[in-house]
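Presented below is the structure to which this report refers.
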Amino acid sequence: MINSIQCVDFQDGVSCVSSLFQSKEGFLKLNYSFLSGNVYGIVSDFGCGSWGLVTCLGGRVSEYYIGQMLINGTAAPPGDLLLYAAFIGENVYEGINSKRDILSPRKCIERALSISGQNYTVDEIKRMFLLSDERFERDLNYVSGEIDRISIAVNFALGKDIYCFPWLNEHDICNVSKEILRILKEHEKIVLIPTSQKRQVKRLSDHLIIFSRGKIIFK
């Protein structure tokens with residue numbers, strides 16, 4: 001389990017990709033600790049660092065990063081975080097499905113629970129993450145906007161500890177479920193939300209990190 005991620009003079013430039021957007025982002029050197037059971041709003045304009053930082057905290061770093069990350073207090077390659085990270089909105093999960101055999105939410109959750117050995121049923125996960133009956137048996141390519149909740153559910157069933165949202169605009173951040181964030185917090189997960197929408201993400205978050213005019217502001 002990931003209890004903490006500490007960035008020590010950490011900096012990188014990485015490619016960030018979602019189904020809607022893509023960006024190449026760098027960010028200022030960061031010294032900060034991310035703790036389990038918290039939601040972090042990471043604020044910048046598009047392309048100005050917030051999504052890049054979240055991508056790195058999920059373990060998708062470049063070979064040119066500088067500084068260190070401490071995982072649970074021990075120095076480790078940032079890429080190790082990939083083992084613990086969930087990238088919300090993605091529909092291919094290592095060891096579960098593939099682009100050629102995408103499967104349904106039910107099948108993905110079944111396989112995830114068999115891998116993790118967690119003591120949940122498929123229907124319990126379905127209820128926890130508010131998944132609809134009509135999309136539960138569909139191919140993941142045809143679940144529309146519900147893919148965000150589905151990807152959280154599958155990764156929760158896998159036992160992932162870090163939940164990385166893609167960059168969210170004004171419309172998308174309004175669709176983030178406070179109930180699902182509450183469940184993730186109760187289960188001691190780390191949740192990372194990159195966005196330009198400071199006011200909206202403040203309502204969802206325990207802490208804010210703001211990239212603004214060449215400075216980092218912590219709230």
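FYI, nothing fancy with the structure tokens labels: chains A, B, ... in order, residues from 1 per chain, ligands from 1 as they appear.
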Mind running region 149-204 of chain A against region 110-132 of chain A at 10 Å and telling me each contacting residue's nearest atom pair with the distance in Å (one decimal), counting only C-alpha atoms, chain and number ascending, as a tab-separated table?
```
residue	atom	partner	partner_atom	distance
A:Arg149	CA	A:Phe129	CA	6.3
A:Ile150	CA	A:Leu131	CA	6.9
A:Ser151	CA	A:Phe129	CA	9.8
A:Ile152	CA	A:Phe129	CA	7.6
A:Ala153	CA	A:Phe129	CA	6.0
A:Val154	CA	A:Ala112	CA	6.4
A:Asn155	CA	A:Ala112	CA	7.5
A:Phe156	CA	A:Ile125	CA	8.3
A:Ala157	CA	A:Leu113	CA	5.3
A:Leu158	CA	A:Ala112	CA	4.8
A:Gly159	CA	A:Ser116	CA	6.2
A:Lys160	CA	A:Ser116	CA	9.4
A:Ser177	CA	A:Phe129	CA	9.3
A:Glu179	CA	A:Phe129	CA	8.4
A:Ile180	CA	A:Phe129	CA	6.2
A:Leu181	CA	A:Phe129	CA	9.8
A:Ile183	CA	A:Met128	CA	7.8
A:Leu184	CA	A:Phe129	CA	9.9
```
Checklist line | Distance query Arg135 (chain A) at most 9 Å, only C-alpha atoms, self and fewer than 5 positions along chain excluded, as number ranges by chain | finding: A: 104-105, 140, 142-144, 146
Output file for the residues above (N, CA and C atoms, as a PDB file, in the first residue's frame):
```
ATOM      1  N   SER A 104     -16.157  -6.512 -21.082  1.00  0.00           N
ATOM      2  CA  SER A 104     -17.193  -5.687 -20.452  1.00  0.00           C
ATOM      3  C   SER A 104     -16.733  -5.268 -19.065  1.00  0.00           C
ATOM      4  N   PRO A 105     -17.400  -4.272 -18.451  1.00  0.00           N
ATOM      5  CA  PRO A 105     -17.076  -3.923 -17.066  1.00  0.00           C
ATOM      6  C   PRO A 105     -17.162  -5.123 -16.130  1.00  0.00           C
ATOM      7  N   LEU A 140     -16.387  -2.382 -23.445  1.00  0.00           N
ATOM      8  CA  LEU A 140     -15.927  -1.097 -22.901  1.00  0.00           C
ATOM      9  C   LEU A 140     -15.825   0.005 -23.952  1.00  0.00           C
ATOM     10  N   TYR A 142     -18.131   0.839 -25.755  1.00  0.00           N
ATOM     11  CA  TYR A 142     -19.484   1.375 -25.944  1.00  0.00           C
ATOM     12  C   TYR A 142     -20.157   1.758 -24.619  1.00  0.00           C
ATOM     13  N   VAL A 143     -19.361   2.281 -23.683  1.00  0.00           N
ATOM     14  CA  VAL A 143     -19.937   2.664 -22.385  1.00  0.00           C
ATOM     15  C   VAL A 143     -20.004   4.174 -22.208  1.00  0.00           C
ATOM     16  N   SER A 144     -19.640   4.924 -23.250  1.00  0.00           N
ATOM     17  CA  SER A 144     -19.757   6.376 -23.258  1.00  0.00           C
ATOM     18  C   SER A 144     -19.001   7.000 -22.082  1.00  0.00           C
ATOM     19  N   GLU A 146     -19.413   6.849 -19.041  1.00  0.00           N
ATOM     20  CA  GLU A 146     -19.314   6.061 -17.813  1.00  0.00           C
ATOM     21  C   GLU A 146     -17.937   5.403 -17.659  1.00  0.00           C
TER      22      GLU A 146
END
```
Margin query: When you look at Ile2 (chain A) with a cut-off of 9 Å (counting only C-alpha atoms), what residues show up, excluding the ones that are within fewer than 4 positions of it in the same chain? I need them as a list in words.
Written below: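 Counting only C-alpha atoms, the residues come to Leu35, Ser36, Ile71, Asn72, Leu81, Tyr84, Lys160, Asp161, Ile162, Glu188, Lys189 and Ile190 of chain A.
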Those selected residues, please, written with all heavy atoms and delivered as a short mmCIF file (atom, residue, chain, number, x, y, z; two decimals), in the first residue's frame.
```cif
data_model
loop_
_atom_site.label_atom_id
_atom_site.label_comp_id
_atom_site.auth_asym_id
_atom_site.auth_seq_id
_atom_site.Cartn_x
_atom_site.Cartn_y
_atom_site.Cartn_z
N LEU A 35 -0.17 12.33 0.71
CA LEU A 35 -0.48 11.34 1.73
C LEU A 35 -1.77 10.60 1.40
O LEU A 35 -2.71 11.17 0.82
CB LEU A 35 -0.61 12.00 3.10
CG LEU A 35 0.60 12.83 3.56
CD1 LEU A 35 0.32 13.48 4.91
CD2 LEU A 35 1.86 11.98 3.61
N SER A 36 -1.84 9.34 1.78
CA SER A 36 -3.03 8.53 1.52
C SER A 36 -4.25 9.12 2.22
O SER A 36 -4.14 9.79 3.25
CB SER A 36 -2.80 7.09 1.98
OG SER A 36 -2.53 7.04 3.37
N ILE A 71 8.97 6.79 -1.86
CA ILE A 71 7.71 6.04 -1.75
C ILE A 71 7.68 5.39 -0.38
O ILE A 71 8.55 4.59 -0.04
CB ILE A 71 7.62 4.99 -2.86
CG1 ILE A 71 7.72 5.67 -4.24
CG2 ILE A 71 6.30 4.22 -2.75
CD1 ILE A 71 7.80 4.69 -5.40
N ASN A 72 6.69 5.80 0.43
CA ASN A 72 6.62 5.34 1.83
C ASN A 72 7.94 5.58 2.56
O ASN A 72 8.40 4.76 3.35
CB ASN A 72 6.23 3.86 1.90
CG ASN A 72 4.82 3.61 1.41
OD1 ASN A 72 4.02 4.53 1.30
ND2 ASN A 72 4.51 2.37 1.11
N LEU A 81 5.94 3.65 -9.36
CA LEU A 81 4.57 4.03 -9.03
C LEU A 81 3.55 3.47 -10.02
O LEU A 81 2.36 3.39 -9.71
CB LEU A 81 4.45 5.55 -8.95
CG LEU A 81 5.20 6.20 -7.78
CD1 LEU A 81 5.26 7.71 -7.96
CD2 LEU A 81 4.53 5.85 -6.45
N TYR A 84 1.12 0.90 -8.85
CA TYR A 84 0.08 1.28 -7.89
C TYR A 84 -0.92 2.28 -8.45
O TYR A 84 -1.86 2.64 -7.75
CB TYR A 84 0.74 1.90 -6.65
CG TYR A 84 1.81 1.03 -6.04
CD1 TYR A 84 3.15 1.21 -6.36
CD2 TYR A 84 1.48 0.01 -5.15
CE1 TYR A 84 4.14 0.40 -5.82
CE2 TYR A 84 2.46 -0.80 -4.60
CZ TYR A 84 3.78 -0.60 -4.93
OH TYR A 84 4.77 -1.41 -4.39
N LYS A 160 -5.43 -0.82 -6.61
CA LYS A 160 -4.58 0.33 -6.89
C LYS A 160 -4.75 1.40 -5.81
O LYS A 160 -5.84 1.57 -5.23
CB LYS A 160 -4.90 0.92 -8.25
CG LYS A 160 -4.69 -0.05 -9.42
CD LYS A 160 -3.23 -0.40 -9.63
CE LYS A 160 -3.04 -1.24 -10.89
NZ LYS A 160 -1.63 -1.54 -11.17
N ASP A 161 -3.68 2.17 -5.58
CA ASP A 161 -3.66 3.15 -4.49
C ASP A 161 -3.63 4.60 -4.93
O ASP A 161 -3.91 5.50 -4.13
CB ASP A 161 -2.42 2.91 -3.61
CG ASP A 161 -2.48 1.61 -2.85
OD1 ASP A 161 -3.59 1.22 -2.43
OD2 ASP A 161 -1.43 0.97 -2.67
N ILE A 162 -3.27 4.88 -6.19
CA ILE A 162 -3.12 6.25 -6.68
C ILE A 162 -4.07 6.42 -7.86
O ILE A 162 -4.00 5.67 -8.85
CB ILE A 162 -1.68 6.53 -7.14
CG1 ILE A 162 -0.68 6.16 -6.04
CG2 ILE A 162 -1.50 7.99 -7.56
CD1 ILE A 162 0.74 6.00 -6.55
N GLU A 188 -8.31 5.07 1.97
CA GLU A 188 -6.92 5.54 2.07
C GLU A 188 -6.20 5.62 0.74
O GLU A 188 -5.00 5.35 0.64
CB GLU A 188 -6.13 4.66 3.06
CG GLU A 188 -6.65 4.72 4.48
CD GLU A 188 -6.52 6.12 5.10
OE1 GLU A 188 -5.44 6.71 4.98
OE2 GLU A 188 -7.52 6.61 5.67
N LYS A 189 -6.93 6.01 -0.30
CA LYS A 189 -6.32 6.20 -1.62
C LYS A 189 -5.80 7.63 -1.75
O LYS A 189 -6.22 8.53 -1.03
CB LYS A 189 -7.32 5.90 -2.73
CG LYS A 189 -8.03 4.56 -2.61
CD LYS A 189 -7.07 3.38 -2.60
CE LYS A 189 -7.81 2.05 -2.58
NZ LYS A 189 -6.90 0.89 -2.53
N ILE A 190 -4.88 7.83 -2.70
CA ILE A 190 -4.42 9.16 -3.08
C ILE A 190 -5.11 9.51 -4.40
O ILE A 190 -5.01 8.75 -5.37
CB ILE A 190 -2.89 9.19 -3.26
CG1 ILE A 190 -2.18 8.91 -1.92
CG2 ILE A 190 -2.43 10.54 -3.83
CD1 ILE A 190 -0.68 8.74 -2.05
#
```
Next item on the list: For CA of Leu57 (chain A) and CA of Cys16 (chain A), determine how far apart the two atoms are, in Å to one decimal place.
Entry: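 Taking CA of Leu57 (chain A) and CA of Cys16 (chain A), their separation equals 12.1 Å.
Computed from the coordinates, the CA of Phe27 (chain A) to CA of Gln11 (chain A) distance equals 6.2 Å.
In terms of minimum interatomic distance to Cys56 (chain A), A:Ser15 ranks closest within A:Ser33, A:Gln197, A:Ser15, A:Asn91, counting only C-alpha atoms.
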Margin query: I'd like the neighbourhood of Val8 (chain A) as number ranges by chain, where a residue qualifies if any of its atoms comes within 12 Å (using only C-alpha atoms), though same-chain residues fewer than 4 positions away should be ignored.
Written below: A: 28-34, 65-71, 73-76, 78
Next item on the list: Would you list, as a ChimeraX atom specification, the residues of chain A that end up in strand (DSSP E) under DSSP run on this structure's backbone?
Entry: /A:4-11,13-17,22-26,30-35,38-43,66-71,74-76,85-87,162-164,190-195,207-212,215-218
Notebook entry, point to check: Nearest to Gly41 (chain A): which of A:His187, A:Gln200, A:Pro194, A:Gly214 is it, counting only C-alpha atoms?
Noted result: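 Using only C-alpha atoms, the shortest distance to Gly41 (chain A) belongs to A:Pro194.
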Notebook entry, point to check: Which polymer residues have any atom within 10 Å of an atom of Lys198 (chain A), counting only C-alpha atoms, with same-chain residues fewer than 6 positions away left out, as JSON, numbers by chain?
Noted result: {"A": [41, 42, 43, 44, 170, 208, 209, 210]}
Checklist line | Between CA of Phe136 (chain A) and CA of Lys185 (chain A), distance in Å (one decimal) | finding: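 Between these atoms lies a distance of 24.5 Å.
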Check: How would you write, as JSON, numbers by chain, the set of residues in chain A that DSSP gives as alpha helix (DSSP H)?
Finding: {"A": [50, 51, 52, 53, 54, 55, 56, 57, 105, 106, 107, 108, 109, 110, 111, 112, 113, 114, 115, 116, 122, 123, 124, 125, 126, 127, 128, 133, 134, 135, 136, 147, 148, 149, 150, 151, 152, 153, 154, 155, 156, 157, 158, 170, 171, 172, 173, 178, 179, 180, 181, 182, 183, 184, 185, 186, 198, 199, 200, 201, 202, 203, 204]}
Margin query: For a quick check of understanding, using only C-alpha atoms, which of A:Asp206, A:Glu186, A:Asp148, A:Asp12 has the smallest distance to Ile88 (chain A)?
Written below: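 So, comparing all the options, the nearest one is A:Asp148.
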